[in-house]
file coords20.cif (mmCIF, C-alpha atoms and all ligand atoms)
data_start
loop_
_atom_site.label_atom_id
_atom_site.label_comp_id
_atom_site.auth_asym_id
_atom_site.auth_seq_id
_atom_site.Cartn_x
_atom_site.Cartn_y
_atom_site.Cartn_z
CA MET C 83 0.00 0.00 0.00
CA ARG C 84 2.75 2.44 0.95
CA GLU C 85 4.71 1.97 -2.24
CA ILE C 86 1.70 1.93 -4.56
CA GLU C 87 0.53 5.19 -3.03
CA ASN C 88 4.03 6.68 -3.16
CA ARG C 89 4.14 5.90 -6.87
CA ILE C 90 0.71 7.41 -7.38
CA GLU C 91 1.16 10.57 -5.33
CA LEU C 92 4.87 11.31 -5.60
CA LYS C 93 5.44 10.33 -9.21
CA LEU C 94 2.44 9.77 -11.47
CA TYR C 95 0.43 12.68 -10.02
CA ARG C 96 3.42 15.03 -10.21
CA GLN C 97 4.06 13.98 -13.79
CA GLY C 98 0.55 15.20 -14.58
CA LYS C 99 -0.66 11.72 -15.45
CA ILE C 100 -3.36 11.62 -12.77
CA LEU C 101 -6.19 14.11 -12.87
CA GLY C 102 -8.39 15.29 -10.02
CA GLY C 103 -8.26 14.32 -6.36
CA CYS C 104 -5.54 11.95 -5.28
CA TYR C 105 -5.88 10.64 -1.73
CA THR C 106 -3.54 8.37 0.15
CA GLY C 107 -3.56 6.65 3.52
CA ARG C 108 0.12 7.22 4.27
CA GLY C 109 0.73 6.46 7.94
CA GLN C 110 -2.67 4.80 8.32
CA GLU C 111 -1.90 1.47 6.65
CA ALA C 112 -2.27 -0.57 9.85
CA ILE C 113 -6.02 0.12 9.95
CA PRO C 114 -7.24 -1.46 6.69
CA VAL C 115 -4.55 -4.15 6.74
CA GLY C 116 -4.97 -5.20 10.37
CA SER C 117 -8.74 -5.42 10.02
CA ALA C 118 -9.53 -6.51 6.44
CA ILE C 119 -7.31 -9.54 6.83
CA LEU C 120 -10.02 -10.92 9.13
CA ALA C 121 -12.73 -10.75 6.49
CA GLU C 122 -14.07 -14.11 5.32
CA LYS C 123 -14.69 -14.58 1.61
CA ASP C 124 -18.40 -13.75 1.92
CA ASP C 125 -18.03 -10.83 4.32
CA TRP C 126 -18.40 -7.35 2.86
CA LEU C 127 -16.17 -4.28 3.08
CA CYS C 128 -17.09 -0.62 2.65
CA PRO C 129 -13.66 1.11 2.62
CA THR C 130 -12.81 4.81 2.48
CA HIS C 131 -10.35 6.78 0.38
CA ARG C 132 -7.57 5.98 2.92
CA ASP C 133 -8.04 2.20 2.86
CA MET C 134 -6.13 0.93 -0.14
CA GLY C 135 -4.80 -1.85 2.08
CA ALA C 136 -8.30 -3.33 2.19
CA PHE C 137 -8.32 -3.55 -1.62
CA LEU C 138 -4.95 -5.32 -1.63
CA VAL C 139 -5.91 -7.70 1.16
CA ARG C 140 -9.06 -8.64 -0.79
CA GLY C 141 -6.95 -9.42 -3.83
CA MET C 142 -7.28 -6.45 -6.16
CA GLU C 143 -4.19 -6.54 -8.36
CA PRO C 144 -1.93 -3.46 -8.19
CA ARG C 145 -2.10 -3.09 -11.97
CA ARG C 146 -5.87 -2.58 -11.78
CA ILE C 147 -5.35 0.05 -9.08
CA PHE C 148 -2.85 1.94 -11.26
CA ALA C 149 -5.23 1.60 -14.22
CA GLN C 150 -7.95 3.18 -12.08
CA TYR C 151 -5.79 6.20 -11.17
CA LEU C 152 -4.64 6.62 -14.75
CA GLY C 153 -8.24 6.53 -16.01
CA ARG C 154 -7.66 3.36 -18.07
CA ALA C 155 -10.30 0.95 -19.30
CA ALA C 156 -8.78 -1.84 -17.19
CA GLY C 157 -9.51 -0.02 -13.91
CA PRO C 158 -12.43 -1.13 -11.74
CA THR C 159 -14.51 1.87 -12.90
CA ARG C 160 -13.45 1.23 -16.52
CA GLY C 161 -11.96 4.72 -16.73
CA ARG C 162 -15.02 6.57 -15.39
CA ASP C 163 -13.24 7.78 -12.25
CA GLY C 164 -9.60 8.39 -11.51
CA ASN C 165 -9.03 7.87 -7.83
CA MET C 166 -10.10 5.83 -4.82
CA HIS C 167 -13.78 5.97 -5.77
CA MET C 168 -13.73 2.36 -6.80
CA GLY C 169 -14.85 -1.06 -5.71
CA ASP C 170 -15.34 -4.58 -6.96
CA LEU C 171 -18.46 -6.47 -6.02
CA GLU C 172 -16.84 -9.80 -6.97
CA LEU C 173 -14.28 -9.13 -4.22
CA HIS C 174 -17.08 -7.87 -1.92
CA LEU C 175 -15.54 -4.38 -1.94
CA VAL C 176 -18.37 -1.87 -2.04
CA PRO C 177 -17.44 1.13 -4.21
CA ILE C 178 -16.54 4.19 -2.17
CA ILE C 179 -19.25 6.82 -2.08
CA SER C 180 -17.64 10.22 -2.45
CA SER C 181 -20.17 11.91 -0.18
CA ILE C 182 -18.59 11.41 3.24
CA GLY C 183 -20.67 9.30 5.63
CA ALA C 184 -23.00 7.98 2.93
CA SER C 185 -21.42 4.51 3.00
CA VAL C 186 -22.49 3.96 6.60
CA PRO C 187 -26.22 3.43 5.95
CA VAL C 188 -25.23 1.30 2.92
CA ALA C 189 -23.15 -0.93 5.22
CA GLY C 190 -26.23 -1.26 7.43
CA GLY C 191 -28.36 -2.18 4.43
CA ILE C 192 -25.95 -4.94 3.42
CA ALA C 193 -25.90 -6.20 7.01
CA LEU C 194 -29.71 -6.20 7.11
CA SER C 195 -29.77 -8.32 3.97
CA LEU C 196 -27.25 -10.75 5.50
CA LYS C 197 -29.38 -11.01 8.62
CA TYR C 198 -32.63 -11.56 6.68
CA ARG C 199 -30.98 -14.34 4.72
CA GLY C 200 -29.61 -15.96 7.88
CA LEU C 201 -26.02 -15.69 6.63
CA PRO C 202 -23.15 -15.73 9.11
CA ASN C 203 -21.32 -12.80 7.52
CA VAL C 204 -20.35 -9.34 8.69
CA VAL C 205 -19.79 -5.95 7.10
CA PHE C 206 -16.68 -3.87 7.72
CA SER C 207 -17.67 -0.21 7.60
CA TYR C 208 -14.73 2.21 7.42
CA PHE C 209 -14.83 6.00 7.86
CA GLY C 210 -12.82 8.97 9.09
CA ASP C 211 -13.42 11.15 12.13
CA GLY C 212 -15.08 13.84 10.00
CA ALA C 213 -17.66 11.38 8.70
CA THR C 214 -18.91 10.86 12.25
CA SER C 215 -20.18 14.45 12.33
CA ARG C 216 -22.49 13.79 9.38
CA GLY C 217 -26.18 13.04 9.84
CA ASP C 218 -26.12 9.91 7.72
CA TRP C 219 -23.42 8.41 9.96
CA HIS C 220 -25.68 8.79 13.01
CA GLU C 221 -28.77 7.42 11.27
CA GLY C 222 -26.79 4.50 9.87
CA VAL C 223 -25.26 3.57 13.22
CA ASN C 224 -28.56 3.98 15.07
CA PHE C 225 -30.40 1.77 12.60
CA ALA C 226 -27.75 -0.96 12.77
CA ALA C 227 -27.72 -0.79 16.57
CA VAL C 228 -31.51 -1.05 16.91
CA GLN C 229 -31.64 -3.94 14.42
CA LYS C 230 -28.56 -5.61 15.97
CA LEU C 231 -26.92 -5.85 12.57
CA PRO C 232 -23.52 -7.49 12.01
CA VAL C 233 -21.43 -4.39 11.33
CA VAL C 234 -17.90 -3.66 12.47
CA TYR C 235 -17.30 0.09 12.41
CA LEU C 236 -13.69 1.13 11.93
CA CYS C 237 -12.93 4.79 12.38
CA ASN C 238 -9.57 6.10 11.27
CA ASN C 239 -9.26 9.12 13.52
CA ASN C 240 -6.43 10.89 11.73
CA GLN C 241 -7.16 14.18 13.60
CA TYR C 242 -8.20 16.16 10.53
CA ALA C 243 -11.13 16.29 8.16
CA TYR C 244 -9.51 18.05 5.23
CA SER C 245 -8.21 21.20 7.03
CA THR C 246 -10.61 21.00 9.99
CA PRO C 247 -8.98 19.76 13.21
CA LEU C 248 -10.90 17.41 15.45
CA ASP C 249 -11.89 19.96 18.12
CA LYS C 250 -13.49 22.18 15.48
CA GLN C 251 -15.83 19.45 14.28
CA MET C 252 -16.81 17.49 17.40
CA ALA C 253 -17.34 18.39 21.06
CA VAL C 254 -16.49 15.00 22.54
CA ALA C 255 -12.88 13.89 23.02
CA ASN C 256 -13.18 10.56 21.21
CA VAL C 257 -15.22 9.17 18.34
CA ALA C 258 -15.69 6.12 20.59
CA ASP C 259 -17.66 8.34 23.01
CA ARG C 260 -20.39 8.60 20.39
CA ALA C 261 -21.14 4.86 20.64
CA ALA C 262 -22.87 5.22 24.03
CA GLY C 263 -25.59 7.26 22.33
CA TYR C 264 -26.48 4.19 20.29
CA GLY C 265 -25.98 1.51 22.93
CA ILE C 266 -23.11 -0.24 21.16
CA PRO C 267 -19.69 -1.22 22.50
CA ALA C 268 -16.62 0.71 21.45
CA GLU C 269 -12.92 0.67 22.05
CA ILE C 270 -9.99 2.89 21.27
CA VAL C 271 -6.78 1.48 19.84
CA ASP C 272 -3.42 2.74 18.64
CA GLY C 273 -4.21 2.92 14.93
CA ASN C 274 -0.50 2.77 14.05
CA ASP C 275 -0.08 -0.59 15.75
CA VAL C 276 -1.25 -3.22 13.26
CA ILE C 277 -1.37 -5.91 15.93
CA ALA C 278 -3.51 -3.80 18.27
CA VAL C 279 -5.86 -3.02 15.38
CA HIS C 280 -6.00 -6.68 14.45
CA GLU C 281 -6.78 -7.83 17.98
CA ALA C 282 -9.51 -5.23 18.45
CA ALA C 283 -10.99 -6.11 15.06
CA ARG C 284 -11.00 -9.77 16.05
CA ARG C 285 -13.09 -8.92 19.14
CA ALA C 286 -15.41 -6.76 17.07
CA VAL C 287 -15.89 -9.40 14.36
CA ALA C 288 -16.61 -12.11 16.95
CA HIS C 289 -19.20 -9.82 18.56
CA ALA C 290 -20.92 -8.97 15.27
CA ARG C 291 -20.75 -12.51 13.87
CA SER C 292 -22.37 -14.00 16.94
CA GLY C 293 -25.49 -11.84 16.58
CA HIS C 294 -24.68 -9.21 19.21
CA GLY C 295 -24.90 -6.30 16.79
CA PRO C 296 -22.46 -3.57 15.80
CA TYR C 297 -19.13 -2.73 17.46
CA LEU C 298 -17.08 0.42 17.00
CA ILE C 299 -13.30 0.64 16.95
CA GLU C 300 -11.65 4.03 16.98
CA CYS C 301 -8.13 3.85 15.60
CA LYS C 302 -6.10 6.88 16.68
CA THR C 303 -3.69 7.78 13.93
CA PHE C 304 -2.39 10.72 11.93
CA ARG C 305 -2.70 11.69 8.28
CA MET C 306 0.95 11.86 7.15
CA THR C 307 0.12 13.87 4.05
CA GLY C 308 -2.23 16.60 2.91
CA HIS C 309 -5.89 15.86 2.41
CA SER C 310 -5.16 15.19 -1.24
CA ALA C 311 -2.01 15.44 -3.38
CA HIS C 312 -2.62 19.12 -4.16
CA ASP C 313 -2.71 20.03 -0.45
CA GLY C 314 0.55 20.89 1.32
CA ALA C 315 -1.26 20.80 4.70
CA ASP C 316 0.18 24.19 5.76
CA TYR C 317 -2.45 24.25 8.50
CA VAL C 318 -0.78 21.31 10.29
CA ALA C 319 2.16 22.04 12.63
CA ARG C 320 5.32 20.47 11.18
CA SER C 321 6.19 19.19 14.66
CA LEU C 322 3.13 16.90 14.50
CA PHE C 323 4.46 15.24 11.35
CA GLU C 324 7.84 14.76 13.05
CA GLU C 325 6.23 13.33 16.16
CA TRP C 326 4.03 10.90 14.24
CA SER C 327 6.78 9.83 11.87
CA LYS C 328 8.39 8.13 14.88
CA LYS C 329 5.26 5.99 15.12
CA ASP C 330 5.25 4.89 11.48
CA PRO C 331 3.12 1.70 11.41
CA ILE C 332 5.40 -0.14 9.01
CA LEU C 333 8.58 0.66 10.95
CA MET C 334 6.81 -0.26 14.20
CA LEU C 335 5.85 -3.68 12.83
CA GLN C 336 9.34 -4.27 11.45
CA LYS C 337 10.86 -3.45 14.83
CA TYR C 338 8.40 -5.77 16.56
CA MET C 339 9.29 -8.62 14.21
CA VAL C 340 13.06 -8.06 14.35
CA GLU C 341 13.00 -7.97 18.15
CA ARG C 342 11.34 -11.39 18.15
CA ASN C 343 13.68 -12.80 15.53
CA TRP C 344 10.76 -13.35 13.16
CA ALA C 345 12.60 -11.46 10.43
CA THR C 346 15.83 -9.57 9.87
CA GLU C 347 16.63 -6.16 8.42
CA VAL C 348 17.94 -8.01 5.36
CA ASP C 349 14.57 -9.76 4.90
CA PHE C 350 12.84 -6.38 4.89
CA LYS C 351 15.35 -4.94 2.38
CA GLN C 352 14.73 -7.88 0.06
CA LEU C 353 10.96 -7.64 0.53
CA HIS C 354 11.10 -3.92 -0.22
CA ALA C 355 13.07 -4.55 -3.43
CA ARG C 356 10.48 -7.14 -4.51
CA ILE C 357 7.65 -4.72 -3.77
CA LEU C 358 9.31 -1.94 -5.80
CA ALA C 359 9.78 -4.31 -8.74
CA GLU C 360 6.13 -5.32 -8.53
CA VAL C 361 5.05 -1.67 -8.39
CA ASP C 362 7.26 -0.83 -11.42
CA ALA C 363 5.74 -3.66 -13.45
CA ALA C 364 2.15 -2.86 -12.44
CA ALA C 365 2.49 0.88 -13.13
CA GLU C 366 4.14 0.24 -16.48
CA TRP C 367 1.42 -2.24 -17.45
CA ALA C 368 -1.28 0.30 -16.59
CA GLU C 369 0.44 3.17 -18.42
CA ASN C 370 0.59 1.04 -21.55
CA SER C 371 -3.02 -0.09 -21.28
CA PRO C 372 -5.72 1.68 -23.34
CA LEU C 373 -8.01 4.49 -22.31
CA PRO C 374 -11.73 3.64 -22.55
CA ASP C 375 -13.24 3.64 -26.02
CA PRO C 376 -15.32 6.87 -26.33
CA ALA C 377 -18.08 4.79 -27.95
CA THR C 378 -18.62 3.08 -24.56
CA MET C 379 -19.06 6.40 -22.72
CA LEU C 380 -22.69 5.81 -21.80
CA ASP C 381 -22.26 2.15 -20.88
CA GLY C 382 -23.28 1.61 -17.28
CA VAL C 383 -25.39 4.78 -17.17
CA TYR C 384 -28.89 3.84 -16.12
CA GLU C 385 -31.90 5.97 -16.96
C1 LIG K 401 -20.61 15.35 2.43
C2 LIG K 401 -19.23 15.71 1.97
N1 LIG K 401 -18.70 16.89 2.34
C3 LIG K 401 -17.45 17.23 1.94
C4 LIG K 401 -16.73 16.38 1.14
C5 LIG K 401 -15.31 16.74 0.70
N2 LIG K 401 -14.40 15.90 1.49
C6 LIG K 401 -13.91 14.73 0.99
S1 LIG K 401 -13.02 13.91 2.12
C7 LIG K 401 -13.26 15.12 3.28
C8 LIG K 401 -12.67 15.00 4.65
C9 LIG K 401 -13.27 13.87 5.39
O1 LIG K 401 -12.69 13.78 6.65
P1 LIG K 401 -12.70 12.42 7.43
O2 LIG K 401 -14.05 11.80 7.41
O3 LIG K 401 -12.08 12.70 8.75
O4 LIG K 401 -11.75 11.49 6.55
P2 LIG K 401 -10.21 11.68 6.17
O5 LIG K 401 -10.19 12.33 4.82
O6 LIG K 401 -9.57 12.51 7.23
O7 LIG K 401 -9.69 10.30 6.14
C10 LIG K 401 -14.03 16.16 2.78
C11 LIG K 401 -14.40 17.36 3.53
C12 LIG K 401 -17.34 15.16 0.74
N3 LIG K 401 -16.71 14.28 -0.03
N4 LIG K 401 -18.60 14.85 1.18
#
call {"tool": "encode", "arguments": {"input": "coords20.cif", "output": "structure tokens", "more": "lines below"}}
Ligand SMILES: Cc1ncc(C[n+]2csc(CCOP(=O)(O)OP(=O)(O)O)c2C)c(N)n1
result
Amino acid sequence: MREIENRIELKLYRQGKILGGCYTGRGQEAIPVGSAILAEKDDWLCPTHRDMGAFLVRGMEPRRIFAQYLGRAAGPTRGRDGNMHMGDLELHLVPIISSIGASVPVAGGIALSLKYRGLPNVVFSYFGDGATSRGDWHEGVNFAAVQKLPVVYLCNNNQYAYSTPLDKQMAVANVADRAAGYGIPAEIVDGNDVIAVHEAARRAVAHARSGHGPYLIECKTFRMTGHSAHDGADYVARSLFEEWSKKDPILMLQKYMVERNWATEVDFKQLHARILAEVDAAAEWAENSPLPDPATMLDGVYE
């Protein structure tokens, strides 16, 4: 996820090959990765624009992701959109709804359908802190709570909603505090610690899968970039970036593994080289793949 997004934001976007918004989840990778890895084949995921890890965990090939950003026909939206507004129903990845918060009632609707059909599956509903100040978030969570629907809510609290800091958009200290208003359990975890995220998600999934209704996890993290590639985030104190860079989720996991002799620095160097080679090949494949045929422009438009 880190290297795909680096290629997208730091190279392809700057070369003018990507148009429009260009969001990344730099520094937040532990959240989609630590949680989505728990999803069974027939569970459903409603990710946000910071959750590329969920797409990779579900098996979306990097070349399709690059094709999406480059507006190519081989992307999941077949060249209709050029950023994270994508999904793949075969992989049970619900396309991201651009309007913040709107995915939350959709997650509830999917969970209601699962419950009606007596299926043992759960829905992973991802959102940022800003989304929790939207009306549709509250209606969606309330509905799921009342109906005891199998939804795991995963909030990436990265402290900003675009340029709005947390204390300017909510009057409670934690997103988790909101859960009491709906009678659902919640916990707060270090969102940069992939193992902590994973363990909390395991508790949440067990709760939802066993018919006890929704569960909210608030992952405290930090957005290590601007809102989108055009945004230099001048409104964020540089000292915050320095502070949070020490808690980089990938470096934290590497340290954890090296300390336990599960891997060595050399293993990570080799892994990194393999990842870069895979990213090179996927990006090159996408750049050489065709744009959509203009004659297909209205395909998929329903009247
Ligand atoms: C209803 C709505 N308002 C505004 C926007 C523009 N917008 C896109 S992302 C975003 C910030 C959302 O903040 P948050 O939910 O905290 O997620 P983050 O981007 O920090 O991960 C905004 C304002 C939008 N897409 N939808």
call {"tool": "residues_near_ligand", "arguments": {"input": "coords20.cif", "ligand": "ligand LIG 401 (chain K)", "cutoff": "9 Å", "atoms": "all atoms listed in the file", "output": "MDAnalysis selection string"}}
result
chainID C and resid 105:107 130:133 179:184 209:216 237:248 304:305 309:310
call {"tool": "residues_around", "arguments": {"input": "coords20.cif", "residues": "C:Gly190", "least_positions_apart": "6", "cutoff": "10 Å", "atoms": "all atoms listed in the file", "output": "MDAnalysis selection string"}}
result
chainID C and resid 196 205:207 221:227 229:233 296
call {"tool": "write_last_selection", "arguments": {"input": "coords20.cif", "atoms": "C-alpha atoms", "output": "PDB file, in the coordinates of the input"}}
result
ATOM      1  CA  LEU C 196     -27.250 -10.750   5.500  1.00  0.00           C
ATOM      2  CA  VAL C 205     -19.790  -5.950   7.100  1.00  0.00           C
ATOM      3  CA  PHE C 206     -16.680  -3.870   7.720  1.00  0.00           C
ATOM      4  CA  SER C 207     -17.670  -0.210   7.600  1.00  0.00           C
ATOM      5  CA  GLU C 221     -28.770   7.420  11.270  1.00  0.00           C
ATOM      6  CA  GLY C 222     -26.790   4.500   9.870  1.00  0.00           C
ATOM      7  CA  VAL C 223     -25.260   3.570  13.220  1.00  0.00           C
ATOM      8  CA  ASN C 224     -28.560   3.980  15.070  1.00  0.00           C
ATOM      9  CA  PHE C 225     -30.400   1.770  12.600  1.00  0.00           C
ATOM     10  CA  ALA C 226     -27.750  -0.960  12.770  1.00  0.00           C
ATOM     11  CA  ALA C 227     -27.720  -0.790  16.570  1.00  0.00           C
ATOM     12  CA  GLN C 229     -31.640  -3.940  14.420  1.00  0.00           C
ATOM     13  CA  LYS C 230     -28.560  -5.610  15.970  1.00  0.00           C
ATOM     14  CA  LEU C 231     -26.920  -5.850  12.570  1.00  0.00           C
ATOM     15  CA  PRO C 232     -23.520  -7.490  12.010  1.00  0.00           C
ATOM     16  CA  VAL C 233     -21.430  -4.390  11.330  1.00  0.00           C
ATOM     17  CA  PRO C 296     -22.460  -3.570  15.800  1.00  0.00           C
TER      18      PRO C 296
END
call {"tool": "atom_distance", "arguments": {"input": "coords20.cif", "atom1": "atom CA of C:Ser195", "atom2": "atom CA of C:Trp126"}}
result
11.5 Å
call {"tool": "atom_distance", "arguments": {"input": "coords20.cif", "atom1": "atom CA of C:Ser292", "atom2": "atom CA of C:Met142"}}
result
28.6 Å
call {"tool": "residues_around", "arguments": {"input": "coords20.cif", "residues": "C:Gly103", "least_positions_apart": "4", "cutoff": "8 Å", "atoms": "all atoms listed in the file", "output": "NGL selection string"}}
result
:C and (164-165 or 310-312)
call {"tool": "atom_distance", "arguments": {"input": "coords20.cif", "atom1": "atom CA of C:Trp326", "atom2": "atom CA of C:Gly109"}}
result
8.4 Å
call {"tool": "closest_residue", "arguments": {"input": "coords20.cif", "among": "C:Gly98, C:Gly273, C:Gly161, C:Gly308", "to": "C:Asp381", "atoms": "all atoms listed in the file"}}
result
C:Gly161
